[in-house]
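Student: This is upload03.csv, which holds CSV, C-alpha atoms and all ligand atoms:
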chain,number,residue,atom,x,y,z
A,17,MET,CA,18.6,4.5,9.2
A,18,LEU,CA,20.5,1.6,7.5
A,19,LYS,CA,24.0,2.1,6.4
A,20,VAL,CA,26.1,-0.6,4.8
A,21,GLU,CA,29.7,0.4,4.6
A,22,ASN,CA,32.2,-1.3,2.2
A,23,LEU,CA,30.8,-4.7,3.0
A,24,HIS,CA,32.9,-7.7,2.2
A,25,VAL,CA,31.3,-11.1,2.9
A,26,ARG,CA,32.7,-14.6,2.7
A,27,VAL,CA,30.6,-17.8,2.6
A,28,MET,CA,32.2,-21.2,2.9
A,29,GLY,CA,35.6,-19.7,2.1
A,30,LYS,CA,34.5,-17.9,-1.0
A,31,ASN,CA,34.3,-14.1,-1.3
A,32,ILE,CA,30.8,-13.2,-2.3
A,33,LEU,CA,30.3,-9.5,-1.5
A,34,LYS,CA,33.2,-7.3,-2.6
A,35,GLY,CA,32.7,-3.9,-1.1
A,36,VAL,CA,29.0,-3.1,-1.0
A,37,SER,CA,27.9,0.4,0.3
A,38,LEU,CA,24.3,1.5,0.7
A,39,GLU,CA,22.6,4.2,2.6
A,40,LEU,CA,18.8,4.0,3.2
A,41,SER,CA,16.7,6.5,5.2
A,42,GLU,CA,13.6,5.9,7.2
A,43,GLY,CA,10.4,5.2,5.2
A,44,GLU,CA,12.2,4.7,1.9
A,45,LEU,CA,11.7,1.8,-0.6
A,46,HIS,CA,14.9,0.6,-2.2
A,47,VAL,CA,15.2,-2.2,-4.8
A,48,VAL,CA,18.2,-4.4,-5.4
A,49,MET,CA,18.3,-6.2,-8.7
A,50,GLY,CA,20.9,-8.5,-10.1
A,51,PRO,CA,21.5,-11.8,-12.0
A,52,ASN,CA,21.4,-15.1,-10.2
A,53,GLY,CA,24.5,-15.7,-8.0
A,54,SER,CA,25.4,-12.0,-7.8
A,55,GLY,CA,25.1,-12.0,-4.0
A,56,LYS,CA,21.6,-10.6,-3.4
A,57,SER,CA,20.6,-13.2,-0.9
A,58,THR,CA,24.0,-12.9,0.7
A,59,LEU,CA,23.4,-9.2,1.3
A,60,ALA,CA,19.9,-9.9,2.8
A,61,LEU,CA,21.1,-12.6,5.1
A,62,THR,CA,24.2,-10.7,6.2
A,63,ILE,CA,22.1,-7.7,7.2
A,64,ALA,CA,19.8,-10.0,9.1
A,65,GLY,CA,22.8,-11.6,10.8
A,66,HIS,CA,22.8,-15.2,9.5
A,67,PRO,CA,25.9,-16.8,11.1
A,68,ARG,CA,27.1,-18.5,7.9
A,69,TYR,CA,27.9,-15.2,6.3
A,70,GLU,CA,31.2,-13.9,7.6
A,71,VAL,CA,31.9,-10.2,7.4
A,72,VAL,CA,35.6,-9.9,6.6
A,73,GLU,CA,35.6,-6.1,6.0
A,74,GLY,CA,33.2,-3.2,6.4
A,75,ARG,CA,30.2,-2.7,8.7
A,76,ILE,CA,26.5,-2.4,9.0
A,77,LEU,CA,24.9,0.4,11.0
A,78,PHE,CA,21.2,0.4,12.0
A,79,GLU,CA,19.9,3.6,13.6
A,80,GLU,CA,23.5,4.7,14.0
A,81,GLU,CA,24.4,1.5,16.0
A,82,ASP,CA,27.0,-0.9,14.7
A,83,ILE,CA,25.1,-4.2,14.3
A,84,THR,CA,27.8,-6.1,12.3
A,85,LYS,CA,28.4,-8.6,15.1
A,86,MET,CA,24.9,-8.7,16.6
A,87,LYS,CA,23.0,-12.0,16.8
A,88,PRO,CA,20.0,-12.4,14.4
A,89,GLU,CA,17.5,-12.5,17.3
A,90,GLU,CA,18.8,-9.1,18.6
A,91,ARG,CA,18.5,-7.6,15.2
A,92,ALA,CA,14.9,-8.9,15.0
A,93,LYS,CA,14.2,-7.2,18.3
A,94,LYS,CA,15.5,-4.0,17.0
A,95,GLY,CA,13.0,-4.2,14.2
A,96,ILE,CA,14.8,-5.9,11.3
A,97,PHE,CA,12.6,-8.5,9.6
A,98,LEU,CA,13.8,-10.7,6.7
A,99,SER,CA,11.4,-12.6,4.5
A,100,PHE,CA,13.2,-15.7,3.4
A,101,GLN,CA,13.3,-17.2,-0.1
A,102,HIS,CA,12.6,-20.7,1.3
A,103,PRO,CA,10.5,-20.8,4.5
A,104,VAL,CA,10.7,-23.9,6.8
A,105,GLU,CA,8.0,-26.4,7.6
A,106,VAL,CA,7.2,-27.0,11.2
A,107,GLU,CA,4.9,-29.9,12.1
A,108,GLY,CA,2.8,-29.7,15.2
A,109,VAL,CA,2.9,-25.9,15.3
A,110,LYS,CA,-0.3,-24.2,14.2
A,111,VAL,CA,0.0,-20.9,12.2
A,112,LEU,CA,-2.1,-19.0,14.7
A,113,GLN,CA,0.0,-20.2,17.6
A,114,PHE,CA,3.2,-19.3,15.8
A,115,LEU,CA,1.9,-15.8,14.9
A,116,GLN,CA,0.7,-15.3,18.5
A,117,ARG,CA,4.2,-16.2,19.8
A,118,MET,CA,5.8,-13.9,17.3
A,119,LEU,CA,3.6,-11.0,18.3
A,120,LYS,CA,4.5,-11.6,22.0
A,121,ASN,CA,8.2,-11.7,21.3
A,122,LEU,CA,8.5,-8.8,18.9
A,123,ARG,CA,5.7,-6.4,20.1
A,124,GLY,CA,4.8,-7.7,23.6
A,125,VAL,CA,1.2,-8.3,22.5
A,126,ASP,CA,-0.7,-10.8,24.8
A,127,GLU,CA,-2.4,-13.9,23.4
A,128,VAL,CA,-6.0,-12.6,23.5
A,129,GLU,CA,-5.1,-9.3,21.9
A,130,ALA,CA,-2.9,-11.1,19.4
A,131,TYR,CA,-5.8,-13.2,18.3
A,132,GLU,CA,-7.7,-10.0,17.3
A,133,VAL,CA,-4.7,-8.4,15.7
A,134,ILE,CA,-4.1,-11.5,13.6
A,135,PHE,CA,-7.7,-11.9,12.4
A,136,ASN,CA,-7.9,-8.2,11.5
A,137,ALA,CA,-4.7,-8.4,9.5
A,138,VAL,CA,-6.0,-11.5,7.7
A,139,ARG,CA,-9.1,-9.6,6.8
A,140,GLU,CA,-7.2,-6.4,5.7
A,141,LEU,CA,-5.0,-8.4,3.4
A,142,GLY,CA,-7.9,-10.4,2.0
A,143,LEU,CA,-6.4,-13.7,3.0
A,144,ASP,CA,-8.3,-16.9,3.8
A,145,SER,CA,-8.5,-17.4,7.6
A,146,SER,CA,-8.4,-21.2,7.3
A,147,ILE,CA,-4.7,-20.8,6.9
A,148,LEU,CA,-4.5,-20.0,10.6
A,149,SER,CA,-5.5,-23.5,11.8
A,150,ARG,CA,-3.0,-25.3,9.6
A,151,GLU,CA,0.4,-26.5,10.6
A,152,LEU,CA,3.2,-24.0,9.8
A,153,ASN,CA,4.0,-24.2,6.1
A,154,VAL,CA,3.2,-28.0,6.0
A,155,GLY,CA,1.8,-28.9,2.6
A,156,PHE,CA,1.6,-25.2,1.7
A,157,SER,CA,1.7,-24.2,-2.0
A,158,GLY,CA,4.3,-21.6,-3.0
A,159,GLY,CA,1.6,-18.9,-3.0
A,160,GLU,CA,0.3,-19.9,0.4
A,161,ARG,CA,3.8,-19.8,1.9
A,162,LYS,CA,4.4,-16.4,0.4
A,163,LYS,CA,1.1,-15.1,1.7
A,164,LEU,CA,1.9,-16.3,5.2
A,165,GLU,CA,5.4,-14.7,5.0
A,166,MET,CA,3.7,-11.4,4.1
A,167,LEU,CA,1.2,-11.8,6.9
A,168,GLN,CA,4.1,-12.3,9.3
A,169,ALA,CA,5.9,-9.3,7.9
A,170,TYR,CA,2.8,-7.2,8.2
A,171,LEU,CA,2.1,-8.3,11.8
A,172,ALA,CA,5.7,-7.8,12.8
A,173,ARG,CA,5.5,-4.0,11.9
A,174,PRO,CA,9.3,-3.9,11.4
A,175,LYS,CA,11.4,-0.8,11.1
A,176,LEU,CA,13.3,-2.4,8.3
A,177,LEU,CA,11.7,-5.1,6.1
A,178,ILE,CA,14.0,-7.0,3.8
A,179,LEU,CA,12.3,-9.1,1.1
A,180,ASP,CA,14.3,-11.6,-0.8
A,181,GLU,CA,12.7,-12.3,-4.2
A,182,PRO,CA,9.1,-12.4,-2.8
A,183,ASP,CA,7.9,-12.4,-6.4
A,184,SER,CA,9.7,-15.4,-7.6
A,185,GLY,CA,7.4,-18.2,-8.7
A,186,VAL,CA,4.1,-16.7,-7.4
A,187,ASP,CA,0.9,-16.0,-9.2
A,188,VAL,CA,-0.7,-12.6,-9.8
A,189,ASP,CA,-3.0,-13.2,-6.7
A,190,SER,CA,0.0,-13.5,-4.4
A,191,LEU,CA,1.9,-10.8,-6.1
A,192,LYS,CA,-1.0,-8.4,-5.2
A,193,VAL,CA,-0.9,-9.4,-1.5
A,194,ILE,CA,2.9,-8.9,-1.6
A,195,ALA,CA,2.5,-5.5,-3.2
A,196,LYS,CA,-0.3,-4.6,-0.7
A,197,VAL,CA,1.9,-5.4,2.3
A,198,ILE,CA,4.8,-3.5,0.9
A,199,ASP,CA,2.6,-0.5,0.1
A,200,ARG,CA,0.9,-0.4,3.5
A,201,LEU,CA,4.1,-0.8,5.5
A,202,HIS,CA,5.8,1.7,3.3
A,203,ASN,CA,3.1,4.2,4.0
A,204,GLU,CA,3.4,3.6,7.7
A,205,GLY,CA,7.1,4.5,7.5
A,206,THR,CA,8.8,1.1,7.3
A,207,LEU,CA,12.1,1.2,5.5
A,208,ILE,CA,12.0,-1.5,2.8
A,209,LEU,CA,14.7,-3.3,0.9
A,210,LEU,CA,13.2,-5.3,-1.9
A,211,ILE,CA,15.4,-7.8,-3.7
A,212,THR,CA,14.0,-8.9,-7.0
A,213,HIS,CA,15.1,-10.7,-10.1
A,214,TYR,CA,12.3,-9.3,-12.3
A,215,GLY,CA,10.7,-5.9,-12.7
A,216,ARG,CA,7.1,-7.1,-12.7
A,217,ILE,CA,6.4,-6.3,-9.0
A,218,LEU,CA,7.6,-2.8,-9.5
A,219,GLU,CA,4.6,-2.1,-11.7
A,220,TYR,CA,2.7,-1.9,-8.4
A,221,LEU,CA,5.3,0.1,-6.4
A,222,ASN,CA,7.2,3.4,-6.5
A,223,PRO,CA,10.7,2.9,-5.3
A,224,LYS,CA,13.0,5.7,-4.2
A,225,MET,CA,16.0,4.0,-5.8
A,226,VAL,CA,17.0,0.9,-7.8
A,227,HIS,CA,20.5,-0.6,-7.2
A,228,VAL,CA,22.1,-3.2,-9.5
A,229,LEU,CA,24.3,-5.9,-7.9
A,230,LYS,CA,26.7,-7.8,-10.2
A,231,GLU,CA,29.4,-10.3,-9.0
A,232,GLY,CA,29.3,-8.9,-5.4
A,233,LYS,CA,29.5,-5.3,-6.3
A,234,LEU,CA,26.9,-2.5,-6.7
A,235,VAL,CA,27.5,-1.3,-10.3
A,236,ALA,CA,24.6,1.2,-10.6
A,237,SER,CA,22.0,3.1,-8.7
A,238,GLY,CA,19.2,5.0,-10.3
A,239,GLY,CA,15.5,5.2,-10.9
A,240,LEU,CA,13.0,3.0,-12.7
A,241,GLU,CA,14.7,3.6,-16.0
A,242,LEU,CA,17.3,1.1,-14.9
A,243,VAL,CA,14.6,-1.6,-14.5
A,244,LYS,CA,13.3,-0.8,-18.0
A,245,LEU,CA,16.8,-1.0,-19.4
A,246,ILE,CA,17.4,-4.4,-17.7
A,247,GLU,CA,14.1,-5.7,-18.9
A,248,GLU,CA,14.9,-4.8,-22.5
A,249,LYS,CA,18.6,-5.7,-22.6
A,250,GLY,CA,19.3,-7.9,-19.6
A,251,PHE,CA,21.8,-7.3,-16.8
A,252,ALA,CA,24.6,-7.1,-19.4
A,253,ALA,CA,23.2,-3.7,-20.2
A,254,VAL,CA,24.7,-2.3,-17.0
A,255,GLY,CA,28.5,-2.3,-16.9
A,256,GLU,CA,31.1,-2.8,-14.3
A,257,ASN,CA,31.2,0.9,-13.4
A,258,GLY,CA,27.6,1.8,-13.8
A,259,GLU,CA,27.8,2.7,-17.5
A,260,THR,CA,24.7,1.7,-19.4
A,261,VAL,CA,24.5,0.2,-22.9
A,262,LYS,CA,21.5,1.6,-24.8
A,301,LIG,P1,21.7,-14.4,-5.5
A,301,LIG,O1,20.7,-14.3,-4.3
A,301,LIG,O2,22.0,-13.1,-6.1
A,301,LIG,O3,21.2,-15.4,-6.5
A,301,LIG,P2,23.5,-15.6,-3.6
A,301,LIG,O4,23.8,-14.6,-2.5
A,301,LIG,O5,22.5,-16.6,-3.2
A,301,LIG,O6,23.1,-14.9,-4.9
A,301,LIG,O7,24.8,-16.4,-4.0
A,301,LIG,C1,26.0,-15.7,-4.4
A,301,LIG,C2,27.1,-16.7,-4.5
A,301,LIG,O8,27.4,-17.2,-3.2
A,301,LIG,C3,26.8,-17.9,-5.4
A,301,LIG,O9,27.9,-18.2,-6.1
A,301,LIG,C4,26.4,-19.0,-4.4
A,301,LIG,O10,26.7,-20.2,-4.9
A,301,LIG,C5,27.3,-18.6,-3.2
A,301,LIG,N1,26.7,-19.0,-1.9
A,301,LIG,C6,25.6,-18.3,-1.3
A,301,LIG,N2,25.3,-18.9,-0.2
A,301,LIG,C7,26.1,-20.0,0.0
A,301,LIG,C8,26.2,-21.0,0.9
A,301,LIG,N3,25.4,-21.1,2.0
A,301,LIG,N4,27.1,-22.0,0.7
A,301,LIG,C9,27.9,-21.9,-0.4
A,301,LIG,N5,27.9,-21.0,-1.3
A,301,LIG,C10,27.0,-20.0,-1.2
A,302,MG,MG,19.1,-16.7,-6.7
A,303,MG,MG,19.0,-15.2,-3.9
In structure tokens, what does this structure look like?
Ligand code: ADP
Ligand code: MG
Ligand code: MG

Tutor:
Amino acid sequence: MLKVENLHVRVMGKNILKGVSLELSEGELHVVMGPNGSGKSTLALTIAGHPRYEVVEGRILFEEEDITKMKPEERAKKGIFLSFQHPVEVEGVKVLQFLQRMLKNLRGVDEVEAYEVIFNAVRELGLDSSILSRELNVGFSGGERKKLEMLQAYLARPKLLILDEPDSGVDVDSLKVIAKVIDRLHNEGTLILLITHYGRILEYLNPKMVHVLKEGKLVASGGLELVKLIEEKGFAAVGENGETVK
């Protein structure tokens, strides 16, 4: 469903990704781990089509279509949803209004029906509905932002959900909401690419594969044993060519 082929990406004149290849099938949950600055966010933003990330070599295929040059809005329409590390604040726009607009754009749901869908989702995820009448992200705590991001992802019902460190700096309460959304969408057949710095969130999930990114290259792919190794010995335990240090 998603195929990343020999991806080389440059940002502000600097080569960040240096030949990343990945193949993910429908309904799978894949995890990308790596030290700070290894290019995890670059990979996420490039797949979502952020204009600042220049693909200098390689390509991205989604449902067998080459999307490498496609605009981010077109990718979103095709069912690719990226949850950002740093969401924006928008004064004067209420959360409910924003979510209604999103449902209209992505799924063609009308305003009245959207209202139901949104309130049901809030209930299902165990969120506080007062969040809906607030201005978008204005004065939100880290946990509230993250919960809203997850509500958005849940409502969008994407084909591919990319989460960039959803677990960074959140409390256990938010972590559970994140895990719940991932789990539910995963069970409904959404392909999920979860980027994380820590292994903690994986206690709640059962990924198909874990990939390790270092200095712009995927150095290893495997199972949860990789996470355990990294937790015990750090990223240094996985070498340039995937060899592991026990
Ligand atoms: P990670 O998410 O793994 O921490 P990033 O993809 O954010 O890594 O960053 C990888 C490298 O690319 C870093 O050296 C970072 O400074 C650089 N980089 C990423 N985005 C930008 C940007 N918008 N402008 C300049 N440098 C960037
Ligand atoms: Mg980082
Ligand atoms: Mg990052």

Student: Point out the residue among A:Arg123, A:Lys34, A:Lys56, A:Arg75 with the least atom-to-atom distance to ligand MG 302 (chain A), counting all atoms listed in the file.

Tutor: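 Among A:Arg123, A:Lys34, A:Lys56, A:Arg75, it is A:Lys56 that comes nearest to ligand MG 302 (chain A).
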
Student: How would you write, as a ChimeraX atom specification, the set of residues no farther than 8 Å from ligand LIG 301 (chain A) when counting all atoms listed in the file?

Tutor: /A:27-28,30-32,50-59,68-69,180,229,231-232

Student: Using all atoms listed in the file, can you list as a PDB file with C-alpha atoms, in the frame of the given file the residues within 12 Å of (16.7, 11.1, -12.0)?

Tutor:
ATOM      1  CA  LYS A 224      13.000   5.700  -4.200  1.00  0.00           C
ATOM      2  CA  MET A 225      16.000   4.000  -5.800  1.00  0.00           C
ATOM      3  CA  VAL A 226      17.000   0.900  -7.800  1.00  0.00           C
ATOM      4  CA  SER A 237      22.000   3.100  -8.700  1.00  0.00           C
ATOM      5  CA  GLY A 238      19.200   5.000 -10.300  1.00  0.00           C
ATOM      6  CA  GLY A 239      15.500   5.200 -10.900  1.00  0.00           C
ATOM      7  CA  LEU A 240      13.000   3.000 -12.700  1.00  0.00           C
ATOM      8  CA  GLU A 241      14.700   3.600 -16.000  1.00  0.00           C
ATOM      9  CA  LEU A 242      17.300   1.100 -14.900  1.00  0.00           C
TER      10      LEU A 242
END

Student: Find the residue from A:Glu132, A:Glu181, A:Glu81, A:Glu259 that sits nearest to ligand MG 302 (chain A); use all atoms listed in the file when measuring.

Tutor: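 That would be A:Glu181, the residue with the smallest distance to ligand MG 302 (chain A).
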
Student: Would you please work out which residue, of A:Val20, A:Val48, A:Val197, A:Val138, is nearest to His227 (chain A) when using all atoms listed in the file?

Tutor: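 Checking each candidate against His227 (chain A), we get A:Val48 as the closest.
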
Student: Looking at all atoms listed in the file, which of A:Leu112, A:Arg26, A:Glu80, A:Lys94 is the one that sits closest to Thr62 (chain A)?

Tutor: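 Counting all atoms listed in the file, the residue closest to Thr62 (chain A) is A:Arg26.
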
Student: What is the distance, in Å and to one decimal place, between CA of Asp189 (chain A) and CA of Lys162 (chain A)?

Tutor: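 Separating CA of Asp189 (chain A) from CA of Lys162 (chain A) is a distance of 10.7 Å.
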
Student: Which residue out of A:Gly185, A:Thr206, A:Phe97, A:Val254 has the minimum interatomic distance to ligand MG 302 (chain A) when only C-alpha atoms and all ligand atoms are used?

Tutor: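 Once distances to ligand MG 302 (chain A) are computed over only C-alpha atoms and all ligand atoms, the minimum belongs to A:Gly185.
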
Student: What is the distance between CA of Asp199 (chain A) and CA of Leu98 (chain A), in Å to one decimal?

Tutor: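 For CA of Asp199 (chain A) relative to CA of Leu98 (chain A), the distance reads 16.5 Å.
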
Student: Go through A:Gly215, A:Pro182, A:Gly142, A:Gly108 one by one, measure the shortest atom-to-atom distance of each to ligand MG 303 (chain A) using only C-alpha atoms and all ligand atoms, and give the residue with the smallest value.

Tutor: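 Selected residue with least distance to ligand MG 303 (chain A): A:Pro182.
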
Student: Hey, can you check how far CA of Leu61 (chain A) sits from CA of Glu44 (chain A)?

Tutor: 19.7 Å
